[in-house]
Structure formats: structure tokens, C-alpha cells
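These notes concern the structure reproduced below.
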Amino acid sequence: MRLWTVYAKEMTETLRDRRSLFSALSYSLLGPLAVVFTVNVLAAATRPGALEPVAVCSGEARELVAHLTAAGFTLSPDAAICLHISHDYSTRVAEGGTANVRVLADLTASGTTVDKLQSEIQRYARTLAMQRALARGVAPAVLVPIAVDVQNTSSVSRRAEVIARLLIVFFLVTPFFVGVAAAADATAGERERRSLEPLLCYPLRRSSLVLGKWLAVATVGAAGTAICVIAGLMLMQRSALPELGVRLETGLEAAVTVTALLLPLTMLVAAVQVAIGLLAASYKDAQSYLTLLAFVPAIAGFVLSGERLAAASAFPIGFELAALAAPLLGSVTALPPFAAVAAAELAAAALVLWLATARLSGERILAQV
């Protein structure tokens, strides 16, 4: 029961420390919000905006103007986008020559409309080319000797893969960030407050003390991770993913699966954080070291891909990066068994906790106070 007494003490202090709770919950909420904001920005960039009016500033081309009007353009003599048609346009078109059409506009302010205008003029030019070929007895297919048709064999679109990877990185970084304040306060912070020495005077095994602190940090990490996953997937349900043609699994089953896959890593991260906190010379140093540690999965998330990710999938972080794609994207990837990786991560956590216990058993830890 001594272990659970330490655990209850650490959890009580953590719940009283609003700074630690704010640090944990703020990341859990801000991370998914950042992903949803990115998705909505991408969707807004792909939405077809209203086309600006176009003015025919010189020349005359009734057929071309009719084509542009049918394509949705509005003609206005006061428009900022000017269409200059060469004076010999009709003659050149009738003779089968090339007529010049010039578009004058501010590409910074009207880039979308100008791109659409250029595309429609080129489409009209291709139609004229086909008509000329037919008039001369030439099959239109002669003008297009090769037609390229690209088909995607992947069940997951590239855009969905990128968005899912961004979400996975946030989920993976969560247990590293949410436990920073709790781990630093339970180890180096307690030593600076000079409350560690009286605690060591109690008839309490050092292993129970370390395990109690570890369980408290792991609880904060697991709770923060669960909040991040649930909030993230709920927000993704209300994002603009359908506008991007992206489908992600955001239901309860996906949330439970993602949280379960991250749980063993959360246990290992909590053990490493407790060990680093006991090794740090001060609370400030502990926070610095733990913050630097939190960037490891973020860097791995952007570095590991393809063959490198497949090679790293047998190790912590690499396995989670590859495995979390399955519940989110519905993809099937050959991975090491989850039980084997989870057992390895828990064994590594036990080893780290044993080293932390050895550190706490020595008298040198009190000499740093």
C-alpha cells in the first residue's frame, strides 16, 4: 500500500498545481486545433472563388466572348482585368492563322480569375484547332497522338496521408509534452523544495517511491493523450475534410485503438521523464531536458518515411508512427506484433525505473539540493 500512498500524494499535488494541469490540457487541446486549422486553410484555398469581371479593352471576338460568358465570366467596361484582342483577330482566325490575345491584370490580386481566364481561352483555342482539322479532312485524334491516363493504385490519397501523418505526429508528441511539468515537479522540484529528504526518512522502499511517482506521471500522460486523441478526432469530424476529398476514421473505435497503441509508449516516456528529473541538477534543468526530449518524436515524424519508417517500425516511436495510420486511414501495413513491441517498451520502462531507483538510493542525490 505504500506505493499507492505515494501515488495518491503525487496525484494530489499534481491536481493542486494548476500550472502542470494547464500545461497538459493546453497542449491536448491546442494540438488538434492546429491540425483542424490547417485543414480548413487548405480547404479554403481549394474553394472556387467568385470570378472577377473582365473588360474587353480593345478588338472584337464575338465567339470568344460568348465562350467566356458561358464559362461564367461577366463582362464589364470598368473591370480591372483587361482583355486586349488584336485588331486582325477575325482575319487571322478565318485564314487559319494565329491570333493574339493579351490579358492585362494584377496577378497578385486577381491571380485566380486570370488563371481561369487563361484556361478558358486555351480551351477555346483547342476547340478551334479541332474544327480546323475536321474542315481539312484530318481526324482530331491526329492532333493528340498520346493520351496520358494516370491511375492511383493506392487506397489512400496523398493528401489524406499527409493530413493523417500530421495528426499522428501531434498524437505521438502528446505523452512527451503533457508529463513534462508533472515529472519535473515530482523529482527535481521536490528536491529543490527540500521535501525529498523527509520523504526518504520514512520506512519506504525506494522502488515504491519511484514507482509511485512514475504512475502519477504516467496517469497524467495517459489522460492527456486520451484527451488529445478524442478531441482531435471530434474536431476532425467537424473540419473541412470532405471538401478536400479526404476520409479519415474519426469514430470511437478509432479513438480507442489510437489511445491503446500509444499507452505502452506513454508508460516508457513517463519512466524516462522520472529518471531525467532525478538526474537533473535543478527544476529548471529538468524542464529544459524534458522539453528537448519532447522534440524527438516530432523530428522522427518528419524524418521517418518509406523504407526508413519500415526499418524503424520494430522500435518505439517508429512503430507508433507506422501503426497509427491503420485505424485512421484504414490501411493495412505489415508491422511487428503489437504485443511484442508493447512488451519491449514496458521492459525498457522497467529497466529505466530500476536505474532511477538506484539513483534515488544513493546519497549524492541529496547533495545537489
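Residue numbers start at 1 in each chain; chains themselves are named A, B, ... in the order of the C-alpha cells; ligands are numbered from 1 in the order shown.
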(message) Which of range 68-303 of chain A end up as alpha helix (DSSP H) when DSSP is run on this backbone - answer as a PyMOL selection string?
(response) chain A and resi 68-70+89-94+107-135+158-178+180-184+190-192+196-200+206-237+241-244+252-279+283-303
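When only C-alpha atoms are used to compute distances to Ala350 in chain A, the closest of the residues A:Ala286, A:Ile163, A:Ala312, A:Val274 turns out to be A:Val274.
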(request) Apply DSSP to the structure's backbone, then extract all residues of range 89-324 of chain A labelled strand (DSSP E) and return them as a ChimeraX atom specification. (result) /A:101-104
Write to file, as a PDB file, in the first residue's frame, the residues of the selection just made, with C-alpha atoms.
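Heads up, here's the output in again.pdb:
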ATOM      1  CA  VAL A 101      -4.968  37.827 -77.237  1.00  0.00           C
ATOM      2  CA  ARG A 102      -3.358  39.701 -74.345  1.00  0.00           C
ATOM      3  CA  VAL A 103      -4.567  39.720 -70.743  1.00  0.00           C
ATOM      4  CA  LEU A 104      -3.591  42.731 -68.632  1.00  0.00           C
TER       5      LEU A 104
END
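CA of Phe22 in chain A is positioned 27.5 Å from CA of Val352 in chain A.
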(request) Excluding range 169-181 of chain A and any residue of its chain fewer than 6 positions from it, enumerate the residues within 9 Å of it, using only C-alpha atoms, and give them as a PyMOL selection string. (result) chain A and resi 14+19-21+23-28+31-32+35+217-225+228-229+232+258-259+262-263+265-267+269-270+273+286-287+290-291+293-298+300-302+317+320-321
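Nearest to Glu345 in chain A of all the residues A:Ala141, A:Leu309, A:Ala322, A:Leu261 is A:Leu261, counting only C-alpha atoms.
Comparing the minimum interatomic distances between Ala188 in chain A and each of A:Val162, A:Ala61, A:Leu279, A:Leu215, counting only C-alpha atoms, we find that A:Leu279 sits nearest.
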(message) Can you pull out the residues contacting Ser110 in chain A? Cut-off 10 Å, using only C-alpha atoms, and skip same-chain residues under 2 positions away; I want them as a VMD selection string.
(response) chain A and resid 51 to 52 80 to 81 105 to 108 112 to 115
File dump, residues just selected, N, CA and C atoms, as an mmCIF file, in the first residue's frame:
data_model
loop_
_atom_site.group_PDB
_atom_site.id
_atom_site.type_symbol
_atom_site.label_atom_id
_atom_site.label_comp_id
_atom_site.auth_asym_id
_atom_site.auth_seq_id
_atom_site.Cartn_x
_atom_site.Cartn_y
_atom_site.Cartn_z
ATOM 1 N N LEU A 51 -15.587 34.696 -59.659
ATOM 2 C CA LEU A 51 -14.734 35.250 -60.705
ATOM 3 C C LEU A 51 -14.952 36.755 -60.813
ATOM 4 N N GLU A 52 -13.860 37.482 -60.967
ATOM 5 C CA GLU A 52 -13.948 38.930 -61.133
ATOM 6 C C GLU A 52 -14.405 39.260 -62.557
ATOM 7 N N ALA A 80 -11.099 45.551 -63.740
ATOM 8 C CA ALA A 80 -9.647 45.730 -63.611
ATOM 9 C C ALA A 80 -8.876 44.777 -64.513
ATOM 10 N N ILE A 81 -9.500 43.681 -64.912
ATOM 11 C CA ILE A 81 -8.851 42.714 -65.802
ATOM 12 C C ILE A 81 -9.194 43.078 -67.240
ATOM 13 N N ALA A 105 -3.579 42.390 -66.209
ATOM 14 C CA ALA A 105 -4.210 42.338 -64.888
ATOM 15 C C ALA A 105 -3.144 42.307 -63.810
ATOM 16 N N ASP A 106 -3.568 42.592 -62.592
ATOM 17 C CA ASP A 106 -2.709 42.476 -61.416
ATOM 18 C C ASP A 106 -2.776 41.021 -60.946
ATOM 19 N N LEU A 107 -1.722 40.268 -61.222
ATOM 20 C CA LEU A 107 -1.741 38.836 -60.903
ATOM 21 C C LEU A 107 -1.748 38.580 -59.402
ATOM 22 N N THR A 108 -1.278 39.536 -58.618
ATOM 23 C CA THR A 108 -1.279 39.348 -57.168
ATOM 24 C C THR A 108 -2.698 39.382 -56.612
ATOM 25 N N THR A 112 -6.405 34.175 -59.377
ATOM 26 C CA THR A 112 -7.333 33.065 -59.596
ATOM 27 C C THR A 112 -8.185 33.289 -60.844
ATOM 28 N N THR A 113 -8.716 34.500 -60.990
ATOM 29 C CA THR A 113 -9.547 34.802 -62.162
ATOM 30 C C THR A 113 -8.735 34.761 -63.445
ATOM 31 N N VAL A 114 -7.504 35.276 -63.394
ATOM 32 C CA VAL A 114 -6.653 35.278 -64.587
ATOM 33 C C VAL A 114 -6.311 33.850 -65.006
ATOM 34 N N ASP A 115 -6.020 32.988 -64.030
ATOM 35 C CA ASP A 115 -5.729 31.586 -64.358
ATOM 36 C C ASP A 115 -6.934 30.925 -65.023
#
(message) Give me, as a ChimeraX atom specification, all polymer residues having an atom no more than 12 Å from Gly72 in chain A, counting only C-alpha atoms and skipping those fewer than 4 positions away in the same chain.
(response) /A:48-54,65-68,113,116-117,120
With N, CA and C atoms retained, could you export that selection as a CSV table (one decimal), in the first residue's frame?
chain,number,residue,atom,x,y,z
A,48,PRO,N,-13.5,27.2,-55.1
A,48,PRO,CA,-13.5,28.1,-56.3
A,48,PRO,C,-14.2,29.4,-55.9
A,49,GLY,N,-13.4,30.5,-55.9
A,49,GLY,CA,-14.0,31.8,-55.5
A,49,GLY,C,-14.8,32.4,-56.7
A,50,ALA,N,-15.5,33.5,-56.4
A,50,ALA,CA,-16.2,34.2,-57.4
A,50,ALA,C,-15.3,34.9,-58.4
A,51,LEU,N,-15.6,34.7,-59.7
A,51,LEU,CA,-14.7,35.3,-60.7
A,51,LEU,C,-15.0,36.8,-60.8
A,52,GLU,N,-13.9,37.5,-61.0
A,52,GLU,CA,-13.9,38.9,-61.1
A,52,GLU,C,-14.4,39.3,-62.6
A,53,PRO,N,-15.0,40.4,-62.7
A,53,PRO,CA,-15.5,40.8,-64.1
A,53,PRO,C,-14.3,41.1,-65.0
A,54,VAL,N,-14.5,40.9,-66.3
A,54,VAL,CA,-13.5,41.1,-67.3
A,54,VAL,C,-14.0,42.2,-68.3
A,65,VAL,N,-15.9,35.8,-76.8
A,65,VAL,CA,-16.6,36.4,-75.7
A,65,VAL,C,-17.8,35.6,-75.3
A,66,ALA,N,-18.5,35.0,-76.3
A,66,ALA,CA,-19.6,34.1,-76.0
A,66,ALA,C,-19.1,32.9,-75.2
A,67,HIS,N,-18.0,32.3,-75.5
A,67,HIS,CA,-17.4,31.2,-74.8
A,67,HIS,C,-17.1,31.6,-73.4
A,68,LEU,N,-16.5,32.7,-73.2
A,68,LEU,CA,-16.1,33.2,-71.8
A,68,LEU,C,-17.4,33.4,-71.0
A,113,THR,N,-8.7,34.5,-61.0
A,113,THR,CA,-9.5,34.8,-62.2
A,113,THR,C,-8.7,34.8,-63.4
A,116,LYS,N,-8.1,31.2,-64.5
A,116,LYS,CA,-9.3,30.6,-65.1
A,116,LYS,C,-9.6,31.2,-66.5
A,117,LEU,N,-9.3,32.5,-66.6
A,117,LEU,CA,-9.5,33.1,-67.9
A,117,LEU,C,-8.5,32.5,-69.0
A,120,GLU,N,-9.7,29.0,-70.0
A,120,GLU,CA,-10.8,29.0,-70.9
A,120,GLU,C,-10.5,29.5,-72.3
(message) Using only C-alpha atoms, can you tell me which of A:Ala216, A:Glu60, A:Arg126, A:Val210 comes closest to Lys9 in chain A?
(response) A:Ala216
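Reported to one decimal place, the separation of CA of Thr257 in chain A from CA of Leu211 in chain A is 26.4 Å.
Between CA of Ala348 in chain A and CA of Ala323 in chain A lies a distance of 19.5 Å.
Candidate residues A:Asp185, A:Asp88, A:Glu249, A:Glu63 were compared for distance to Ala326 in chain A, and the nearest is A:Glu249, using only C-alpha atoms.
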(request) Tell me which protein, DNA and RNA residues are within 12 Å of Thr5 in chain A, counting only C-alpha atoms, leaving out same-chain ones fewer than 2 positions away, and put them as a list in words. (result) Met1, Arg2, Leu3, Tyr7, Ala8, Lys9, Glu10, Met11, Thr12, Leu199, Leu204, Ser208, Leu209, Val210, Leu211, Gly212, Lys213, Leu215 and Ala216 of chain A
(message) Quick one: residues within 10 Å of Thr38 in chain A, only C-alpha atoms, excluding same-chain residues fewer than 3 positions away - as a list in words?
(response) Pro32, Leu33, Ala34, Val35, Val41, Leu42, Ala43, Ala44, Ile163, Leu166, Ser239 and Ala240 of chain A
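Distance check against Asn40 in chain A using only C-alpha atoms: of A:Leu235, A:Ala99, A:Ala133, A:Val138, the minimum falls on A:Leu235.
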